[in-house]
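Student: Structure supplied as start35.txt; contents: compact mmCIF, C-alpha atoms.
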```txt
# COMPACT_ATOMS: atom_id res chain seq x y z
CA MET A 2 0.00 0.00 0.00
CA PRO A 3 1.45 3.41 -0.95
CA THR A 4 2.18 5.91 1.80
CA VAL A 5 2.14 9.69 1.74
CA GLY A 6 5.88 9.68 1.21
CA ASP A 7 5.48 7.89 -2.11
CA TYR A 8 3.56 10.80 -3.54
CA GLY A 9 5.03 13.86 -1.85
CA PRO A 10 3.12 16.43 0.20
CA GLY A 11 -0.44 17.20 -0.84
CA VAL A 12 -0.65 14.69 -3.65
CA ARG A 13 -3.05 12.35 -1.87
CA HIS A 14 -5.26 15.28 -0.91
CA GLU A 15 -7.99 16.29 -3.31
CA ASP A 16 -10.39 19.19 -3.54
CA PHE A 17 -13.27 20.06 -5.80
CA GLU A 18 -15.77 22.85 -6.30
CA LEU A 19 -19.32 22.55 -5.01
CA ASP A 20 -22.20 23.62 -7.26
CA GLU A 21 -24.78 26.19 -6.14
CA GLU A 22 -27.38 23.58 -5.25
CA LYS A 23 -24.94 21.89 -2.88
CA CYS A 24 -23.94 25.26 -1.40
CA TRP A 25 -27.58 26.11 -0.60
CA ALA A 26 -28.01 22.67 0.95
CA LEU A 27 -24.99 23.25 3.20
CA LEU A 28 -26.26 26.71 4.19
CA GLY A 29 -29.56 25.12 5.23
CA SER A 30 -32.07 27.35 6.98
CA SER A 31 -29.89 28.75 9.76
CA GLY A 32 -26.67 28.34 11.71
CA ILE A 33 -23.46 30.12 12.70
CA GLY A 34 -21.32 31.71 9.99
CA ARG A 35 -18.93 34.60 9.54
CA PHE A 36 -19.69 37.97 8.01
CA ALA A 37 -16.72 39.67 6.34
CA PHE A 38 -16.74 43.32 5.35
CA THR A 39 -14.40 46.25 4.91
CA HIS A 40 -14.27 48.94 7.57
CA GLY A 41 -11.56 51.43 8.42
CA GLY A 42 -9.27 50.20 5.64
CA ARG A 43 -9.22 46.59 6.77
CA ILE A 44 -11.31 43.49 6.43
CA GLN A 45 -13.27 42.60 9.54
CA VAL A 46 -14.74 39.16 10.18
CA PHE A 47 -17.27 38.35 12.90
CA PRO A 48 -19.28 35.23 13.70
CA VAL A 49 -23.05 35.69 13.51
CA HIS A 50 -26.20 33.62 13.71
CA TYR A 51 -27.68 33.60 10.24
CA ALA A 52 -30.90 32.59 8.58
CA VAL A 53 -31.61 31.91 4.93
CA HIS A 54 -34.89 33.43 3.74
CA ARG A 55 -36.11 33.63 0.14
CA GLY A 56 -32.62 33.27 -1.29
CA SER A 57 -30.78 35.80 0.86
CA VAL A 58 -28.68 35.49 4.02
CA TYR A 59 -29.82 37.48 7.06
CA PHE A 60 -28.44 38.14 10.51
CA ARG A 61 -29.05 40.57 13.36
CA THR A 62 -26.68 43.19 14.68
CA SER A 63 -26.67 46.37 16.70
CA ALA A 64 -27.84 49.57 15.03
CA GLU A 65 -24.90 51.38 16.68
CA GLY A 66 -22.17 48.83 15.89
CA VAL A 67 -19.35 48.69 13.37
CA ILE A 68 -21.29 46.45 10.99
CA ALA A 69 -24.23 48.83 10.74
CA ALA A 70 -21.81 51.73 10.17
CA ALA A 71 -20.28 49.93 7.18
CA LEU A 72 -23.60 49.36 5.34
CA PRO A 73 -24.54 49.26 2.53
CA GLN A 74 -21.48 47.52 1.15
CA GLU A 75 -20.79 45.80 -2.15
CA GLY A 76 -18.33 42.92 -2.19
CA ALA A 77 -19.15 41.79 1.33
CA ALA A 78 -19.00 38.10 2.13
CA PHE A 79 -20.44 35.42 4.35
CA GLU A 80 -18.65 32.15 5.02
CA ILE A 81 -19.54 28.84 6.63
CA ASP A 82 -17.31 25.82 6.96
CA SER A 83 -16.96 22.47 8.62
CA ALA A 84 -13.88 20.39 9.38
CA ARG A 85 -13.44 16.74 10.31
CA PRO A 86 -9.85 16.56 11.58
CA ASP A 87 -9.99 12.79 12.01
CA ALA A 88 -10.54 12.42 8.25
CA GLN A 89 -8.49 15.46 7.16
CA ALA A 90 -11.65 16.52 5.36
CA GLY A 91 -13.86 19.56 5.27
CA TRP A 92 -15.83 22.02 3.21
CA SER A 93 -16.48 25.73 3.01
CA VAL A 94 -19.12 27.88 1.33
CA LEU A 95 -18.68 31.55 0.42
CA VAL A 96 -21.56 33.91 -0.32
CA SER A 97 -20.53 37.16 -2.02
CA GLY A 98 -22.74 40.13 -2.66
CA THR A 99 -24.12 43.41 -1.39
CA ALA A 100 -24.94 43.73 2.31
CA SER A 101 -27.50 46.27 3.46
CA ALA A 102 -29.76 47.05 6.39
CA VAL A 103 -33.33 45.77 6.05
CA GLU A 104 -35.76 48.70 6.11
CA ASP A 105 -38.90 47.16 4.62
CA SER A 106 -41.42 46.69 7.42
CA GLY A 107 -43.13 43.72 5.79
CA LEU A 108 -39.84 41.91 5.39
CA LEU A 109 -38.85 42.76 8.97
CA THR A 110 -42.07 41.18 10.21
CA GLU A 111 -41.24 38.03 8.27
CA LEU A 112 -37.68 37.95 9.61
CA PHE A 113 -38.65 38.42 13.25
CA GLY A 114 -41.08 35.55 12.72
CA LEU A 115 -38.35 33.12 11.69
CA ALA A 116 -37.29 30.53 14.24
CA VAL A 117 -33.70 31.69 14.50
CA GLU A 118 -31.51 31.73 17.54
CA GLU A 119 -31.05 35.11 19.13
CA PRO A 120 -27.60 36.74 18.88
CA TRP A 121 -25.33 35.72 21.74
CA ALA A 122 -23.71 39.12 22.00
CA GLY A 123 -25.15 41.65 24.43
CA GLY A 124 -27.31 44.69 23.93
CA ILE A 125 -30.21 45.32 21.62
CA ARG A 126 -29.47 43.75 18.24
CA ASP A 127 -32.61 44.45 16.30
CA ARG A 128 -31.03 45.57 13.04
CA PHE A 129 -31.37 42.92 10.34
CA VAL A 130 -28.63 42.78 7.73
CA ARG A 131 -29.37 41.25 4.35
CA LEU A 132 -26.71 39.79 2.07
CA VAL A 133 -28.01 39.26 -1.46
CA PRO A 134 -25.87 36.57 -3.12
CA ARG A 135 -24.23 37.56 -6.36
CA GLN A 136 -21.78 34.67 -6.27
CA LEU A 137 -22.14 31.45 -4.34
CA THR A 138 -19.13 29.17 -4.33
CA GLY A 139 -18.02 26.21 -2.27
CA ARG A 140 -15.18 23.82 -1.95
CA GLN A 141 -14.73 20.37 -0.47
CA VAL A 142 -11.37 18.92 0.53
CA PHE A 143 -10.52 15.38 1.57
CA LEU A 144 -7.82 12.77 1.77
CA ALA A 145 -8.08 10.58 -1.31
CA MET B 64 -36.24 33.97 38.96
CA PRO B 65 -36.39 36.39 36.03
CA THR B 66 -36.76 35.01 32.53
CA VAL B 67 -35.45 36.35 29.24
CA GLY B 68 -38.87 37.87 28.63
CA ASP B 69 -38.48 40.12 31.67
CA TYR B 70 -35.51 41.85 30.11
CA GLY B 71 -36.25 41.82 26.39
CA PRO B 72 -34.08 40.32 23.67
CA GLY B 73 -30.35 40.42 24.14
CA VAL B 74 -30.36 42.02 27.55
CA ARG B 75 -29.13 38.96 29.41
CA HIS B 76 -26.39 38.44 26.85
CA GLU B 77 -23.05 40.12 27.45
CA ASP B 78 -19.92 40.61 25.44
CA PHE B 79 -16.52 42.08 26.15
CA GLU B 80 -13.27 42.74 24.37
CA LEU B 81 -10.28 40.44 24.82
CA ASP B 82 -6.83 41.96 25.33
CA GLU B 83 -3.88 41.08 23.10
CA GLU B 84 -2.39 38.62 25.57
CA LYS B 85 -5.63 36.66 25.67
CA CYS B 86 -5.87 36.78 21.84
CA TRP B 87 -2.38 35.28 21.49
CA ALA B 88 -3.29 32.59 24.00
CA LEU B 89 -6.37 31.66 21.99
CA LEU B 90 -4.37 31.59 18.75
CA GLY B 91 -1.96 29.15 20.38
CA SER B 92 0.71 27.61 18.18
CA SER B 93 -1.47 26.23 15.36
CA GLY B 94 -4.98 25.29 14.31
CA ILE B 95 -7.64 25.97 11.70
CA GLY B 96 -8.65 29.57 10.96
CA ARG B 97 -9.94 31.66 8.09
CA PHE B 98 -7.93 33.94 5.84
CA ALA B 99 -9.89 36.89 4.42
CA PHE B 100 -8.58 39.00 1.55
CA THR B 101 -9.82 41.07 -1.35
CA HIS B 102 -9.68 39.65 -4.85
CA GLY B 103 -11.67 40.52 -7.94
CA GLY B 104 -13.59 43.28 -6.17
CA ARG B 105 -14.93 41.05 -3.42
CA ILE B 106 -13.83 39.68 -0.10
CA GLN B 107 -12.87 36.03 -0.18
CA VAL B 108 -12.64 33.86 2.93
CA PHE B 109 -11.04 30.41 3.05
CA PRO B 110 -10.25 28.04 5.92
CA VAL B 111 -6.54 27.26 6.32
CA HIS B 112 -4.25 25.44 8.71
CA TYR B 113 -2.20 28.09 10.42
CA ALA B 114 0.85 28.31 12.63
CA VAL B 115 2.03 31.12 14.85
CA HIS B 116 5.77 31.73 14.63
CA ARG B 117 7.68 34.67 16.13
CA GLY B 118 4.59 36.84 16.35
CA SER B 119 3.21 36.31 12.85
CA VAL B 120 0.53 34.00 11.45
CA TYR B 121 1.57 31.63 8.65
CA PHE B 122 -0.19 29.18 6.40
CA ARG B 123 0.54 27.28 3.20
CA THR B 124 -1.16 27.69 -0.14
CA SER B 125 -0.63 26.96 -3.81
CA ALA B 126 1.74 29.21 -5.77
CA GLU B 127 -0.80 29.22 -8.62
CA GLY B 128 -3.95 29.85 -6.56
CA VAL B 129 -6.14 32.87 -5.97
CA ILE B 130 -4.52 33.68 -2.62
CA ALA B 131 -1.01 33.85 -4.07
CA ALA B 132 -2.31 36.05 -6.90
CA ALA B 133 -3.69 38.55 -4.39
CA LEU B 134 -0.41 39.04 -2.47
CA PRO B 135 1.01 41.22 -1.10
CA GLN B 136 -2.08 42.77 0.42
CA GLU B 137 -2.61 45.34 3.17
CA GLY B 138 -5.75 45.12 5.27
CA ALA B 139 -6.00 41.35 5.02
CA ALA B 140 -7.38 39.43 7.97
CA PHE B 141 -7.26 36.12 9.76
CA GLU B 142 -10.02 34.95 12.05
CA ILE B 143 -10.51 32.13 14.54
CA ASP B 144 -13.54 31.46 16.67
CA SER B 145 -15.19 28.94 18.91
CA ALA B 146 -18.82 28.46 19.85
CA ARG B 147 -20.52 26.55 22.66
CA PRO B 148 -24.15 26.39 21.58
CA ASP B 149 -25.23 24.68 24.82
CA ALA B 150 -24.07 27.74 26.76
CA GLN B 151 -24.88 30.36 24.07
CA ALA B 152 -21.26 31.40 24.50
CA GLY B 153 -18.30 31.85 22.24
CA TRP B 154 -15.31 33.96 21.28
CA SER B 155 -13.55 35.20 18.17
CA VAL B 156 -10.12 36.65 17.45
CA LEU B 157 -9.28 38.83 14.45
CA VAL B 158 -5.74 39.45 13.21
CA SER B 159 -5.42 42.37 10.79
CA GLY B 160 -2.34 43.31 8.82
CA THR B 161 -0.34 42.87 5.65
CA ALA B 162 -0.21 39.43 4.03
CA SER B 163 2.71 38.51 1.80
CA ALA B 164 4.48 35.50 0.36
CA VAL B 165 7.50 34.31 2.35
CA GLU B 166 10.64 34.55 0.18
CA ASP B 167 13.41 34.41 2.80
CA SER B 168 15.06 30.98 2.58
CA GLY B 169 16.10 30.94 6.22
CA LEU B 170 12.58 31.67 7.35
CA LEU B 171 11.19 29.05 4.95
CA THR B 172 13.49 26.46 6.50
CA GLU B 173 12.16 27.38 9.93
CA LEU B 174 8.55 27.20 8.75
CA PHE B 175 8.88 23.81 7.07
CA GLY B 176 10.41 22.59 10.32
CA LEU B 177 7.34 23.49 12.37
CA ALA B 178 5.10 20.64 13.44
CA VAL B 179 2.02 21.86 11.60
CA GLU B 180 -0.61 19.81 9.89
CA GLU B 181 -0.34 19.66 6.13
CA PRO B 182 -3.04 21.45 4.09
CA TRP B 183 -6.02 19.22 3.39
CA ALA B 184 -6.60 20.64 -0.08
CA GLY B 185 -5.00 18.90 -3.03
CA GLY B 186 -1.96 19.73 -5.12
CA ILE B 187 1.38 21.18 -4.18
CA ARG B 188 0.89 23.87 -1.54
CA ASP B 189 4.42 24.93 -0.77
CA ARG B 190 3.91 28.69 -0.75
CA PHE B 191 3.97 30.10 2.78
CA VAL B 192 1.89 33.19 3.42
CA ARG B 193 2.79 35.47 6.31
CA LEU B 194 0.33 37.79 8.01
CA VAL B 195 2.08 40.38 10.15
CA PRO B 196 -0.38 41.58 12.79
CA ARG B 197 -0.98 45.30 12.92
CA GLN B 198 -4.14 44.95 14.97
CA LEU B 199 -5.14 42.03 17.15
CA THR B 200 -8.63 42.14 18.58
CA GLY B 201 -10.95 39.62 20.18
CA ARG B 202 -14.38 39.36 21.62
CA GLN B 203 -16.11 37.02 24.00
CA VAL B 204 -19.88 36.60 24.25
CA PHE B 205 -21.94 34.73 26.81
CA LEU B 206 -25.27 34.45 28.51
CA ALA B 207 -25.09 36.36 31.78
```
Once more with this new file: its structure as C-alpha cells, please.
Tutor:
Amino acid sequence: MPTVGDYGPGVRHEDFELDEEKCWALLGSSGIGRFAFTHGGRIQVFPVHYAVHRGSVYFRTSAEGVIAAALPQEGAAFEIDSARPDAQAGWSVLVSGTASAVEDSGLLTELFGLAVEEPWAGGIRDRFVRLVPRQLTGRQVFLA
Amino acid sequence: MPTVGDYGPGVRHEDFELDEEKCWALLGSSGIGRFAFTHGGRIQVFPVHYAVHRGSVYFRTSAEGVIAAALPQEGAAFEIDSARPDAQAGWSVLVSGTASAVEDSGLLTELFGLAVEEPWAGGIRDRFVRLVPRQLTGRQVFLA
C-alpha cells in the first residue's frame, strides 16, 4: 500500500468545487457563519447567527455597531465551513454580494417571525442585515 | 427567577473585548482559521491550517492559486472562533495586517520545520503566506 511519502506532500489530498445547489443545501435554513466586510481600511470578520430566507442570508446586529456603520457595502461576504480533523476533510461555502440594512417593514415582520436563535452578543441587536448573493461558491477537501 | 422575557431580547447576553495577551493565547501555536482578503472586487474567505511563529501568522497555499495572486495585500485578515451552543457562548479573534508570500530561505526552512498539519486541499501547496499583525482584537460573548 502506498504511503504519503510515495507521492510527496499534498498529492493524496484532493479538492473540488461545489455547485450552487450543494452550497444552498450546506447553508440550510440557519446556523453560525462569519460575516466579512471592509471597515476602516481593513477586512473585519465576525461570527453571527444567520438565517436563509427567500434566497438571501440574514443576521441581526446592533444599530450602533461597526457592521451597521459599514452598510450598505458591495463585495461583502459570508462564510460557513466544517472540518473533520480525524478524516483530514472539510468544506467551506462563500456567499458574495451586497450587504444592506433591512428597512422594509413587511420583510422585517417576516424575519422576526423566523425561528432563528437570538444573537449571543449583548445589547439590543434588532437591526437585520441582508446579504443578497451575487456569487455562491463552495469547496470540499478530503484525503483521497 | 427572572426570565429572558423580563428583560427583552439580548439584555441577558453580554460581550466584552479580549486583550492582546488573551488573543495570542487563543491563537496558540497552530490550528484551523480563516484567511480573508480582497480579490476581484470582493472579499474572499477560506479556511486554512495556520501556525504562529515569532509573532506572525503563517499558512501554506498553492503558488498558482487565488490567494497567491492577491499578495502582497494590506488590510488582510485572519479569524478564529469557537462556539458553545449549549451555553450560548463563544469567542472570536481577528488578526489584521499585511499578508505577503515568504521569500526568505532561512525563514522558509524554519517554517517547514514546524510541526504543523499539512493542508487538506490537493496539489502542491508549498507557498507560505505570512500575516504580520498590525491589529489584534478579540471578543467574548456569553449568557449572563
Student: Please report the interatomic distance between atom CA of Val103 of chain A and atom CA of Phe129 of chain A in Å with one decimal.
Tutor: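 Interatomic distance here is 5.5 Å.
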Student: What's the 10 Å shell around segment 109-123 of chain A, counting only C-alpha atoms, without same-chain residues fewer than 6 positions away, as an NGL selection string?
Tutor: (:A and (30-33 or 48-54 or 59-63 or 103 or 129)) or (:B and (72-79 or 146 or 148 or 150-154 or 202-207))
Student: Pick out the closest residue to Gly103 of chain B from this set: A:Ala77, A:Cys24, A:Val133, A:Ala71. Count all atoms listed in the file.
Tutor: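 Closest candidate: A:Ala77.
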Student: I'd like to know which of B:Leu194, B:Ile143, B:Val158, B:Ile106 is closest to chain A, using all atoms listed in the file.
Tutor: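 Checking each candidate against chain A, we get B:Ile106 as the closest.
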Student: Using all atoms listed in the file, find the one residue out of A:Gly107, A:Gly76, A:Pro134, A:Gly66 that sits nearest to chain B.
Tutor: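 Going through A:Gly107, A:Gly76, A:Pro134, A:Gly66 one by one, the smallest distance to chain B is for A:Gly76.
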Student: Just the number, please: distance in Å from atom CA of Gln74 of chain A to atom CA of Thr99 of chain A, one decimal.
Tutor: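 Computing it gives 5.5 Å between the two atoms.
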Student: What's the separation between atom CA of Gly96 of chain B and atom CA of Ala132 of chain B, in Å to one decimal place?
Tutor: 20.0 Å
Student: Give the answer as one residue: which of A:Ala100, A:Leu108, A:Val67, A:Leu95 has the shortest atom-to-atom distance to Ala99 of chain B, using all atoms listed in the file?
Tutor: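 Of the candidates, the smallest distance to Ala99 of chain B is held by A:Leu95.
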Student: Please tell me which residues are no farther than 7 Å from (-32.6, 43.9, 5.9) in the file, counting all atoms listed in the file, and write them as a PDB file with C-alpha atoms, in the coordinates of the input.
Tutor:
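Generated file (selection.pdb):
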```
ATOM      1  CA  SER A 101     -27.500  46.270   3.460  1.00  0.00           C
ATOM      2  CA  ALA A 102     -29.760  47.050   6.390  1.00  0.00           C
ATOM      3  CA  VAL A 103     -33.330  45.770   6.050  1.00  0.00           C
ATOM      4  CA  GLU A 104     -35.760  48.700   6.110  1.00  0.00           C
ATOM      5  CA  PHE A 129     -31.370  42.920  10.340  1.00  0.00           C
ATOM      6  CA  VAL A 130     -28.630  42.780   7.730  1.00  0.00           C
ATOM      7  CA  ARG A 131     -29.370  41.250   4.350  1.00  0.00           C
TER       8      ARG A 131
END
```
Student: Taking only C-alpha atoms into account, which of B:Leu89, B:Ser159, B:Arg197, B:Arg190 comes nearest chain A?
Tutor: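 Going through B:Leu89, B:Ser159, B:Arg197, B:Arg190 one by one, the smallest distance to chain A is for B:Ser159.
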Student: Name the closest residue to chain B among the candidates A:Val58, A:Ala78, A:Leu19, A:Ala64; distances are taken between atoms, counting all atoms listed in the file.
Tutor: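 Result for the nearest residue to chain B: A:Ala78.
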Student: Could you put an axis-aligned box around every listed atom of segment 125-131 of chain B, padded by 4 Å on each side, and send me its centre and edge lengths in Å to one decimal, as AutoDock Vina command-line options?
Tutor:
```
--center_x -2.2 --center_y 30.4 --center_z -5.6 --size_x 15.9 --size_y 14.9 --size_z 14.0
```
